[in-house]
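Asker: Submitted below is the structure of interest, expressed as structure tokens.
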Amino acid sequence: MLHYIDINKLKLLFVFDKTDPLVFTSSMFLFSFFILLALYRLFYKSKPIRIYLLIIFSIYFYYKASGVYFLLLFLITFLNYFAGKWIGATKLGGKRRAIFIAAILANIGLLTYFKYTNFFIQIVNEIKGSQITPLDIFIPVGISFIIFKALSYVIEIYLENIEPVKSVRDFTLFVFYFPTLLLGPIERASNFLPQIEEDNKLTKEMIGTALFLIVCGLIKKVVIADYIGINFVDRVFDSPKMFTGVENLIAAYAYALQLYTDFSGYTDMALGISLLLGYRLTDNFNAPFKATSIADFWRRWHITLSSWCLDYLFKPMQMKFRNMKLAGNALALFITFTIIGLWHGPSWTYIAFGAIHGFYMGFSVFTKKLRTKFYKKTGLADSKVVKFIQWFITFQLVVFAFVIFRSPSLSLAGDILKQIFSFFHSEVFLQFVKGYKLIISLILGGFIVQFLPESVKDKTRSIVINSSMPGKVALLVVVIWVVIQFRFADLQPFLYFQF
Amino acid sequence: MISDKLKKVVLQELDLDDFDFNDGTTANMVPGWDSLTHIQIIVAIEKDYKIKFKGMEILKIKNMGELQALIDSKLAGVSAV
């Protein structure tokens with residue numbers, strides 16, 4: 001038995017390796033998390049110990065992802081704890097506002113330094129033709145999420161919506177909380193902090209829901225997202241000109257599905273893991289591909305980010321531009337969405353992604369009156385046909401913007417579109433379906449599940465919640481087994497079709 | 001207590017015939033009152049009442065009661081912030 005346990009592997013648990021962070025789908029995470037859970041339940045009676053256990057595990061988790069930059073978490077925590085305390089203790093007026101602005105600048109400054117410095121250098125080089133060398137800056141994982149979470153705390157105190165938290169320990173847990181460190185959700189203090197006060201008792205409903213979430217998340221991420229990504233989407237996006245328009249088009253739709261299953265799968269696991277620790281996080285997704293308008297889409301996709309930007313960017317801007325009527329709204333929307341694009345990363349494709357959505361929203365604002373008049377006149381307002389067309393158009397717009405989002409450059413995005421519109425070769429489609437049976441099934445299956453009614457999801461969840469403990473364990477084992485099959489499956493061979 | 005004048009402004013902007021407003025009414029309870037029409041209502045109120053709001057004041061408003069109170073304080077010449 002002993003020769004199965006590789007001591008070197010165990011040592012790796014404590015070493016920072018940039019290429020091997022503790023993602024939820026790794027066996028190292030599973031192992032460490034079980035230890036955490038065991039200790040967590042062991043010290044059930046003592047809330048302080050449980051909180052410190054979580055904080056320590058979170059430091060370890062972040063160290064595995066970003067090494068020595070876990071110290072940054074401490075900096076962000078203390079900066080915002082004291083900013084919040086100071087703002088809360090200062091009377092309304094200029095001084096309070098000054099502290100607030102300083103706190104905002106400090107947070108944004110940190111984010112900008114780590115994430116955007118080299119992008120600015122690149123832009124300056126392009127404009128001035130200079131050759132300034134980029135700095136060797138390591139981008140700490142999840143910094144965009146963490147800073148936005150901290151900013152929300154300070155802003156809500158400034159708006160007098162919440163009181164500054166008294167306990168440094170509790171605020172530290174809020175900032176450090178590991179399920180949300182890598183990919184969010186961007187939790188609001190008003191949702192998380194009160195839960196620290198509760199007794200985090202684990203009910204049967206929570207265990208069942210957690211299992212349901214983790215299982216769904218694993219399947220979405222490994223069986224669908226990773227598999228269709230590695231075996232199909234990545235290949236087309238690497239060299240679109242080597243594939244026909246048919247394949248480029250299918251890759252576009254497949255990517256939208258991949259991005260959704262990847263992000264929402266990881267989010268599901270974060271929510272499920274968090275539930276096992278007794279904390280309910282905010283969901284980030286609500287059947288986004290069912291959206292019947294772009295505005296509706298953003299109420300369903302990356303919800304914590306869009307509501308953050310709605311509350312803290314859009315609304316203040318909208319107020320400032322209010323006398324510009326429709327143009328004011330459109331401008332506020334355009335700027336907000338361009339920032340959402342830029343938030344994703346320092347690249348023109350991300351900015352373009354945001355700007356495209358900003359343009360969609362602006363178009364919607366300017367045409368709303370016309371469209372409402374049209375529906376009223378023709379009596380079509382709630383007709384099924386109109387709803388279908390709205391859904392169809394929205395879906396195409398969403399997929400298009402995601403193609404830009406995924407492309408390594410704007411010119412490559414152009415190549416993809418060129419292939420689709422001038423090199424389609426529809427005859428390849430049947431060969432494609434025959435050659436990539438599993439991929440097509442996963443894509444179709446993934447989308448079909450998307451469009452099932454909520455009630456199906458609720459029913460399945462209930463079945464899991466009400467199943468026996470052996471049943472739950474069996475489900476988890478089966479799913480882990482399936483996931484391992486897909487994770488370690490051989491790469492699908494490249495297929496080039498006759499046309 | 002929500003004044004008739006305020007009720008009229010809101011109904012007009014939202015193109016509604018009638019709605020039972022009270023102090024606790026929030027935007028999401030009223031059909032058509034979303035983040036885009038919200039600003040229309042604010043602008044219409046400023047125009048009708050001949051008052052000017054500050055951004056912070058509007059961001060803090062949670063319901064009709066608070067909106068009415070803010071309007072009343074503006075009319076009385078008292079600044080809320």
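Letters A, B, ... mark the chains of the structure tokens in the order given; residue numbers begin at 1 per chain; ligand numbers begin at 1, in order shown.
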Which residues are close to Thr133 (chain A), i.e. within 12 Å by only C-alpha atoms, leaving aside same-chain residues fewer than 2 positions away? Reply as a ChimeraX atom specification.
Answerer: /A:117-125,130-131,135-137
Asker: Can I get the selection written as an mmCIF file, in the first residue's frame, with C-alpha atoms?
Answerer:
data_model
loop_
_atom_site.group_PDB
_atom_site.id
_atom_site.type_symbol
_atom_site.label_atom_id
_atom_site.label_comp_id
_atom_site.auth_asym_id
_atom_site.auth_seq_id
_atom_site.Cartn_x
_atom_site.Cartn_y
_atom_site.Cartn_z
ATOM 1 C CA THR A 117 0.504 48.842 -16.138
ATOM 2 C CA ASN A 118 1.982 46.868 -19.019
ATOM 3 C CA PHE A 119 -1.088 47.520 -21.144
ATOM 4 C CA PHE A 120 -0.601 51.261 -20.702
ATOM 5 C CA ILE A 121 3.083 50.899 -21.511
ATOM 6 C CA GLN A 122 2.094 49.012 -24.657
ATOM 7 C CA ILE A 123 -0.302 51.788 -25.679
ATOM 8 C CA VAL A 124 2.273 54.503 -24.991
ATOM 9 C CA ASN A 125 4.796 52.568 -27.077
ATOM 10 C CA SER A 130 8.892 54.300 -28.046
ATOM 11 C CA GLN A 131 10.423 51.080 -26.785
ATOM 12 C CA LEU A 135 7.725 45.700 -16.214
ATOM 13 C CA ASP A 136 7.963 42.239 -14.737
ATOM 14 C CA ILE A 137 4.628 42.374 -12.906
#
Asker: Mind checking which residues fall within 12 Å of Ile463 (chain A), counting only C-alpha atoms, ignoring those fewer than 2 positions away in the same chain, and posting them as a ChimeraX atom specification?
Answerer: /A:205,208-209,211-212,456-461,465-468,471-472,475
Asker: For the selection just defined, write its residues with N, CA and C atoms to a file, as a PDB file, in the first residue's frame.
Answerer:
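File written: part-v5.pdb
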ATOM      1  N   GLU A 205     -31.112  19.965   3.735  1.00  0.00           N
ATOM      2  CA  GLU A 205     -31.344  20.687   2.496  1.00  0.00           C
ATOM      3  C   GLU A 205     -30.041  21.277   1.977  1.00  0.00           C
ATOM      4  N   GLY A 208     -27.735  18.433   0.610  1.00  0.00           N
ATOM      5  CA  GLY A 208     -28.231  17.960  -0.673  1.00  0.00           C
ATOM      6  C   GLY A 208     -28.004  18.979  -1.777  1.00  0.00           C
ATOM      7  N   THR A 209     -28.301  20.240  -1.477  1.00  0.00           N
ATOM      8  CA  THR A 209     -28.095  21.298  -2.464  1.00  0.00           C
ATOM      9  C   THR A 209     -26.620  21.429  -2.804  1.00  0.00           C
ATOM     10  N   LEU A 211     -24.326  19.126  -2.689  1.00  0.00           N
ATOM     11  CA  LEU A 211     -23.945  17.997  -3.533  1.00  0.00           C
ATOM     12  C   LEU A 211     -24.435  18.212  -4.958  1.00  0.00           C
ATOM     13  N   PHE A 212     -25.681  18.646  -5.089  1.00  0.00           N
ATOM     14  CA  PHE A 212     -26.261  18.904  -6.402  1.00  0.00           C
ATOM     15  C   PHE A 212     -25.415  19.930  -7.160  1.00  0.00           C
ATOM     16  N   VAL A 456     -37.586  21.516 -13.899  1.00  0.00           N
ATOM     17  CA  VAL A 456     -36.809  20.281 -14.037  1.00  0.00           C
ATOM     18  C   VAL A 456     -35.615  20.326 -13.093  1.00  0.00           C
ATOM     19  N   LYS A 457     -34.946  21.496 -13.080  1.00  0.00           N
ATOM     20  CA  LYS A 457     -33.791  21.680 -12.197  1.00  0.00           C
ATOM     21  C   LYS A 457     -34.209  21.528 -10.734  1.00  0.00           C
ATOM     22  N   ASP A 458     -35.329  22.176 -10.378  1.00  0.00           N
ATOM     23  CA  ASP A 458     -35.792  22.114  -8.989  1.00  0.00           C
ATOM     24  C   ASP A 458     -36.101  20.686  -8.581  1.00  0.00           C
ATOM     25  N   LYS A 459     -36.759  19.948  -9.496  1.00  0.00           N
ATOM     26  CA  LYS A 459     -37.134  18.574  -9.177  1.00  0.00           C
ATOM     27  C   LYS A 459     -35.905  17.707  -8.964  1.00  0.00           C
ATOM     28  N   THR A 460     -34.918  17.861  -9.869  1.00  0.00           N
ATOM     29  CA  THR A 460     -33.700  17.056  -9.749  1.00  0.00           C
ATOM     30  C   THR A 460     -32.999  17.358  -8.431  1.00  0.00           C
ATOM     31  N   ARG A 461     -32.965  18.652  -8.084  1.00  0.00           N
ATOM     32  CA  ARG A 461     -32.323  19.030  -6.835  1.00  0.00           C
ATOM     33  C   ARG A 461     -33.030  18.376  -5.649  1.00  0.00           C
ATOM     34  N   ILE A 465     -31.585  16.025  -2.685  1.00  0.00           N
ATOM     35  CA  ILE A 465     -31.701  16.403  -1.273  1.00  0.00           C
ATOM     36  C   ILE A 465     -32.345  15.283  -0.464  1.00  0.00           C
ATOM     37  N   ASN A 466     -33.372  14.658  -1.064  1.00  0.00           N
ATOM     38  CA  ASN A 466     -34.112  13.652  -0.299  1.00  0.00           C
ATOM     39  C   ASN A 466     -33.535  12.250  -0.387  1.00  0.00           C
ATOM     40  N   SER A 467     -32.472  12.104  -1.151  1.00  0.00           N
ATOM     41  CA  SER A 467     -31.888  10.760  -1.253  1.00  0.00           C
ATOM     42  C   SER A 467     -31.158  10.414   0.041  1.00  0.00           C
ATOM     43  N   SER A 468     -30.927   9.112   0.222  1.00  0.00           N
ATOM     44  CA  SER A 468     -30.245   8.676   1.438  1.00  0.00           C
ATOM     45  C   SER A 468     -28.769   9.039   1.373  1.00  0.00           C
ATOM     46  N   GLY A 471     -26.918   6.943  -1.005  1.00  0.00           N
ATOM     47  CA  GLY A 471     -27.280   7.396  -2.346  1.00  0.00           C
ATOM     48  C   GLY A 471     -26.466   8.608  -2.750  1.00  0.00           C
ATOM     49  N   LYS A 472     -26.316   9.547  -1.822  1.00  0.00           N
ATOM     50  CA  LYS A 472     -25.547  10.762  -2.110  1.00  0.00           C
ATOM     51  C   LYS A 472     -24.091  10.415  -2.389  1.00  0.00           C
ATOM     52  N   LEU A 475     -23.731   8.871  -5.778  1.00  0.00           N
ATOM     53  CA  LEU A 475     -23.813   9.885  -6.833  1.00  0.00           C
ATOM     54  C   LEU A 475     -22.471  10.585  -7.000  1.00  0.00           C
TER      55      LEU A 475
END
Asker: Residues of chain A within 10 Å of chain B, counting only C-alpha atoms, what are they? List them as a VMD selection string.
Answerer: chain A and resid 92 to 93 156 158 to 161 310 to 312 314 to 323 325 to 326 328 to 330 333 365
Asker: Take the residues from that selection and write them out as an mmCIF file, in the first residue's frame, keeping C-alpha atoms.
Answerer:
data_model
loop_
_atom_site.group_PDB
_atom_site.id
_atom_site.type_symbol
_atom_site.label_atom_id
_atom_site.label_comp_id
_atom_site.auth_asym_id
_atom_site.auth_seq_id
_atom_site.Cartn_x
_atom_site.Cartn_y
_atom_site.Cartn_z
ATOM 1 C CA LEU A 92 -21.184 63.899 6.355
ATOM 2 C CA GLY A 93 -19.176 66.522 4.536
ATOM 3 C CA GLU A 156 -21.909 50.897 0.781
ATOM 4 C CA TYR A 158 -20.192 55.806 2.245
ATOM 5 C CA LEU A 159 -23.786 55.568 0.999
ATOM 6 C CA GLU A 160 -24.818 54.770 4.584
ATOM 7 C CA ASN A 161 -26.356 51.460 3.496
ATOM 8 C CA LEU A 310 -25.082 48.921 -12.453
ATOM 9 C CA ASP A 311 -25.075 50.187 -8.879
ATOM 10 C CA TYR A 312 -21.648 51.837 -8.704
ATOM 11 C CA PHE A 314 -24.044 53.212 -14.313
ATOM 12 C CA LYS A 315 -26.361 54.853 -11.795
ATOM 13 C CA PRO A 316 -24.002 57.702 -10.797
ATOM 14 C CA MET A 317 -23.122 58.337 -14.464
ATOM 15 C CA GLN A 318 -26.756 58.248 -15.459
ATOM 16 C CA MET A 319 -27.481 60.888 -12.811
ATOM 17 C CA LYS A 320 -24.667 63.070 -14.156
ATOM 18 C CA PHE A 321 -25.929 62.802 -17.746
ATOM 19 C CA ARG A 322 -29.604 63.015 -16.910
ATOM 20 C CA ASN A 323 -30.264 66.193 -18.834
ATOM 21 C CA LYS A 325 -32.148 62.513 -22.262
ATOM 22 C CA LEU A 326 -31.746 59.306 -24.303
ATOM 23 C CA GLY A 328 -27.326 60.416 -21.581
ATOM 24 C CA ASN A 329 -28.598 56.917 -20.877
ATOM 25 C CA ALA A 330 -26.859 55.512 -23.949
ATOM 26 C CA LEU A 333 -24.438 52.441 -20.687
ATOM 27 C CA VAL A 365 -32.255 52.652 -25.772
#
Asker: In Å to one decimal, how far is CA of Trp301 (chain A) from CA of Ile157 (chain A)?
Answerer: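 Those two atoms sit 26.7 Å apart.
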Asker: Pick out the residues sitting within 12 Å of Pro48 (chain A), and hand them over as JSON, numbers by chain; count only C-alpha atoms, and ignore anything fewer than 6 positions along from it in its own chain.
Answerer: {"A": [40, 54, 55, 167, 169, 170, 173, 196, 197, 199]}
Asker: Take the residues from that selection and put them in a file with N, CA and C atoms, as a compact mmCIF listing (two decimals), in the first residue's frame.
Answerer:
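part-v1.txt, freshly written:
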# COMPACT_ATOMS: atom_id res chain seq x y z
N TYR A 40 -13.16 21.36 10.50
CA TYR A 40 -14.27 22.29 10.64
C TYR A 40 -15.38 21.68 11.48
N LEU A 54 -10.96 28.75 8.51
CA LEU A 54 -11.27 29.20 7.15
C LEU A 54 -10.24 30.21 6.66
N ILE A 55 -9.87 31.14 7.51
CA ILE A 55 -8.91 32.16 7.11
C ILE A 55 -7.57 31.51 6.77
N SER A 167 -15.48 43.71 13.81
CA SER A 167 -14.45 42.71 14.00
C SER A 167 -13.48 42.61 12.82
N ARG A 169 -11.34 40.35 12.46
CA ARG A 169 -11.35 38.93 12.11
C ARG A 169 -12.45 38.63 11.10
N ASP A 170 -13.67 39.14 11.35
CA ASP A 170 -14.79 38.88 10.45
C ASP A 170 -14.56 39.50 9.08
N LEU A 173 -12.17 37.46 7.11
CA LEU A 173 -12.82 36.30 6.50
C LEU A 173 -13.57 36.71 5.23
N ILE A 196 -21.82 35.43 9.14
CA ILE A 196 -20.76 35.06 10.08
C ILE A 196 -21.34 35.02 11.49
N GLU A 197 -22.34 35.88 11.72
CA GLU A 197 -22.96 35.92 13.04
C GLU A 197 -23.82 34.70 13.32
N ASP A 199 -25.19 30.64 13.16
CA ASP A 199 -24.47 29.46 13.67
C ASP A 199 -24.06 28.48 12.57
Asker: Could you name the residues that touch Gly245 (chain A) at 6 Å or less, counting only C-alpha atoms, but leaving out those on the same chain fewer than 5 positions away, as a VMD selection string?
Answerer: chain A and resid 419 to 420 423 to 424
Asker: Kindly save the residues from that selection, with N, CA and C atoms included, as a PDB file, in the first residue's frame.
Answerer:
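What ended up in again.pdb:
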ATOM      1  N   GLN A 419     -14.189  33.461 -42.639  1.00  0.00           N
ATOM      2  CA  GLN A 419     -14.419  32.048 -42.959  1.00  0.00           C
ATOM      3  C   GLN A 419     -15.906  31.747 -42.998  1.00  0.00           C
ATOM      4  N   ILE A 420     -16.634  32.270 -42.024  1.00  0.00           N
ATOM      5  CA  ILE A 420     -18.070  31.979 -41.951  1.00  0.00           C
ATOM      6  C   ILE A 420     -18.815  32.541 -43.145  1.00  0.00           C
ATOM      7  N   PHE A 423     -16.448  31.313 -46.807  1.00  0.00           N
ATOM      8  CA  PHE A 423     -15.820  30.005 -46.987  1.00  0.00           C
ATOM      9  C   PHE A 423     -16.634  28.944 -46.260  1.00  0.00           C
ATOM     10  N   PHE A 424     -17.963  29.053 -46.394  1.00  0.00           N
ATOM     11  CA  PHE A 424     -18.824  28.290 -45.512  1.00  0.00           C
ATOM     12  C   PHE A 424     -18.743  26.779 -45.741  1.00  0.00           C
TER      13      PHE A 424
END
Asker: Skipping near chain neighbours, those fewer than 5 positions away, what residues fall within 12 Å of Asp4 (chain B) using only C-alpha atoms, listed as a VMD selection string?
Answerer: chain B and resid 9 to 11 18 to 22 68
Asker: Under the rule that only C-alpha atoms are counted, which of A:Ala89, A:Leu213, A:Val168, A:Ile143 is the nearest residue to Lys115 (chain A)?
Answerer: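 Of A:Ala89, A:Leu213, A:Val168, A:Ile143, the one nearest Lys115 (chain A) is A:Ile143, counting only C-alpha atoms.
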Asker: Could you name the residues that touch Lys62 (chain B) at 10 Å or less, counting only C-alpha atoms, but leaving out those on the same chain fewer than 5 positions away, as a JSON list (two decimals) with C-alpha atoms, in the first residue's frame?
Answerer:
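Saved as around_25.json:
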[["chain", "number", "residue", "atom", "x", "y", "z"],
["B", 24, "GLY", "CA", -43.17, 51.63, 1.10],
["B", 25, "THR", "CA", -43.55, 51.29, -2.67],
["B", 26, "THR", "CA", -40.24, 50.41, -4.34],
["B", 27, "ALA", "CA", -39.34, 50.73, -8.03],
["B", 67, "LEU", "CA", -38.46, 60.20, -2.43]]
Asker: CA of Ala189 (chain A) and CA of Tyr153 (chain A) are how many Å apart?
Answerer: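 Atom-to-atom, CA of Ala189 (chain A) and CA of Tyr153 (chain A) are spaced 5.8 Å apart.
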Asker: At a cut-off of 12 Å, using only C-alpha atoms, what residues contact Thr244 (chain A)? Leave out same-chain residues fewer than 4 positions from it and give the result as a PyMOL selection string.
Answerer: chain A and resi 236+239-240+248-251+415-429+431-432+495-499
Asker: CA of Phe263 (chain A) and CA of Val175 (chain A), how far apart in Å?
Answerer: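 Separation of CA of Val175 (chain A) and CA of Phe263 (chain A): 20.8 Å.
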Asker: How would you write, as a PyMOL selection string, the set of residues in chain B that DSSP gives as alpha helix (DSSP H)?
Answerer: chain B and resi 4-14+35-49+55-60+64-75
Asker: Dump C-alpha atoms for the selected residues as an mmCIF file, in the first residue's frame?
Answerer:
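Below you can see selection37.cif, which holds the result:
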data_model
loop_
_atom_site.group_PDB
_atom_site.id
_atom_site.type_symbol
_atom_site.label_atom_id
_atom_site.label_comp_id
_atom_site.auth_asym_id
_atom_site.auth_seq_id
_atom_site.Cartn_x
_atom_site.Cartn_y
_atom_site.Cartn_z
ATOM 1 C CA ASP B 4 -51.037 63.560 -5.823
ATOM 2 C CA LYS B 5 -48.581 65.690 -7.731
ATOM 3 C CA LEU B 6 -45.806 63.112 -7.337
ATOM 4 C CA LYS B 7 -48.176 60.285 -8.240
ATOM 5 C CA LYS B 8 -49.164 62.148 -11.390
ATOM 6 C CA VAL B 9 -45.553 62.694 -12.477
ATOM 7 C CA VAL B 10 -44.664 59.029 -12.033
ATOM 8 C CA LEU B 11 -47.807 57.736 -13.762
ATOM 9 C CA GLN B 12 -47.188 60.052 -16.670
ATOM 10 C CA GLU B 13 -43.553 59.047 -17.168
ATOM 11 C CA LEU B 14 -44.369 55.359 -16.966
ATOM 12 C CA SER B 35 -33.116 51.667 -14.193
ATOM 13 C CA LEU B 36 -33.716 53.435 -17.507
ATOM 14 C CA THR B 37 -37.151 54.919 -16.770
ATOM 15 C CA HIS B 38 -35.991 55.750 -13.221
ATOM 16 C CA ILE B 39 -33.851 58.617 -14.474
ATOM 17 C CA GLN B 40 -36.739 59.875 -16.641
ATOM 18 C CA ILE B 41 -38.872 60.116 -13.512
ATOM 19 C CA ILE B 42 -36.141 61.962 -11.615
ATOM 20 C CA VAL B 43 -35.707 64.471 -14.453
ATOM 21 C CA ALA B 44 -39.484 64.971 -14.700
ATOM 22 C CA ILE B 45 -39.706 65.601 -10.945
ATOM 23 C CA GLU B 46 -36.883 68.157 -11.111
ATOM 24 C CA LYS B 47 -38.661 69.932 -13.952
ATOM 25 C CA ASP B 48 -42.155 69.864 -12.441
ATOM 26 C CA TYR B 49 -41.142 70.901 -8.942
ATOM 27 C CA GLY B 55 -26.426 62.418 -7.212
ATOM 28 C CA MET B 56 -25.848 61.036 -3.723
ATOM 29 C CA GLU B 57 -29.360 61.973 -2.614
ATOM 30 C CA ILE B 58 -30.957 59.933 -5.398
ATOM 31 C CA LEU B 59 -28.598 56.962 -4.957
ATOM 32 C CA LYS B 60 -29.674 56.656 -1.337
ATOM 33 C CA MET B 64 -41.490 56.359 -2.570
ATOM 34 C CA GLY B 65 -41.709 57.567 1.007
ATOM 35 C CA GLU B 66 -38.053 58.617 0.999
ATOM 36 C CA LEU B 67 -38.460 60.202 -2.430
ATOM 37 C CA GLN B 68 -41.433 62.248 -1.185
ATOM 38 C CA ALA B 69 -39.485 63.281 1.924
ATOM 39 C CA LEU B 70 -36.526 64.369 -0.217
ATOM 40 C CA ILE B 71 -38.800 66.424 -2.486
ATOM 41 C CA ASP B 72 -40.464 68.038 0.536
ATOM 42 C CA SER B 73 -37.106 68.956 2.027
ATOM 43 C CA LYS B 74 -35.993 70.506 -1.265
ATOM 44 C CA LEU B 75 -39.187 72.566 -1.420
#
Asker: So, counting only C-alpha atoms, which residue among B:Gly77, B:Ser3, B:Asn28, B:Trp33 is closest to Lys52 (chain B)?
Answerer: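 Of all the options, B:Gly77 lies closest to Lys52 (chain B).
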